Amino acid sequence: MLDSIRNFNADFDAIFDEAVPSPKEEARGSRSAVPADVIYYLNEVQRLALRSLENFGWQLAFIRRPLFVPPMIVVKNSEQSKFAVLEEDGSVNLSPLVRWRH
């Protein structure tokens with residue numbers, strides 16, 4: 001009986017260690033920064049705004065996809081020195097209240 005409990009605890013620890021990422025691991029896991037189905041995450045106004053921004057050298061950097069909240073569309077300039085959020089109304093927020101990882 002005691003051996004089965006030890007085995008259960010060892011299995012639980014192994015599963016827990018796999019499920020909890022270490023601080024050095026990538027926070028998004030295996031998901032790519034720009035998903036293959038980008039159109040799914042953009043509304044019509046954002047699609048038009050992104051096309052317009054691309055004419056000025058901006059491009060889609062990544063899409064934050066947290067659970068239970070709308071995705072955040074992030075664009076970057078051609079020099080990759082500035083990042084901005086493409087808001088739901090198509091406006092570009094150059095000073096979002098967001099912390100970027102580097």
# chains A, B, ... in the order shown; residues from 1 in each chain; ligands from 1
$ residues_around --residues "Asp89 in chain A" --least-positions-apart "2" --cutoff "8 Å" --atoms "only C-alpha atoms" --output "CSV table (one decimal) with N, CA and C atoms, in the first residue's frame"
chain,number,residue,atom,x,y,z
A,45,VAL,N,-11.9,46.0,-39.3
A,45,VAL,CA,-11.3,47.3,-39.1
A,45,VAL,C,-9.8,47.1,-38.9
A,46,GLN,N,-9.4,46.2,-38.0
A,46,GLN,CA,-8.0,45.9,-37.7
A,46,GLN,C,-7.3,45.4,-39.0
A,87,GLU,N,-5.5,48.7,-31.9
A,87,GLU,CA,-6.8,48.6,-31.1
A,87,GLU,C,-7.9,48.1,-31.9
A,91,SER,N,-7.3,52.0,-34.4
A,91,SER,CA,-6.3,53.0,-34.1
A,91,SER,C,-5.0,52.3,-33.6
$ atom_distance --atom1 "CA of Glu88 in chain A" --atom2 "CA of Phe56 in chain A"
19.7 Å
$ residues_around --residues "Val74 in chain A" --least-positions-apart "2" --cutoff "8 Å" --atoms "only C-alpha atoms" --output "mmCIF file with C-alpha atoms, in the first residue's frame"
data_model
loop_
_atom_site.group_PDB
_atom_site.id
_atom_site.type_symbol
_atom_site.label_atom_id
_atom_site.label_comp_id
_atom_site.auth_asym_id
_atom_site.auth_seq_id
_atom_site.Cartn_x
_atom_site.Cartn_y
_atom_site.Cartn_z
ATOM 1 C CA LEU A 60 2.558 42.394 -37.306
ATOM 2 C CA ALA A 61 4.921 41.535 -34.423
ATOM 3 C CA PHE A 62 2.811 39.138 -32.392
ATOM 4 C CA ILE A 63 -0.647 38.514 -31.019
ATOM 5 C CA ARG A 64 -1.099 38.129 -27.295
ATOM 6 C CA MET A 72 -3.971 42.033 -28.262
ATOM 7 C CA LYS A 76 6.351 46.924 -34.887
ATOM 8 C CA PHE A 83 5.999 48.576 -30.776
ATOM 9 C CA ALA A 84 2.349 49.573 -30.727
ATOM 10 C CA VAL A 85 -1.026 47.976 -30.080
ATOM 11 C CA LEU A 86 -3.529 47.857 -32.914
#
$ atom_distance --atom1 "CA of Gln80 in chain A" --atom2 "CA of Tyr41 in chain A"
22.1 Å
$ atom_distance --atom1 "CA of Ala36 in chain A" --atom2 "CA of Trp58 in chain A"
18.9 Å
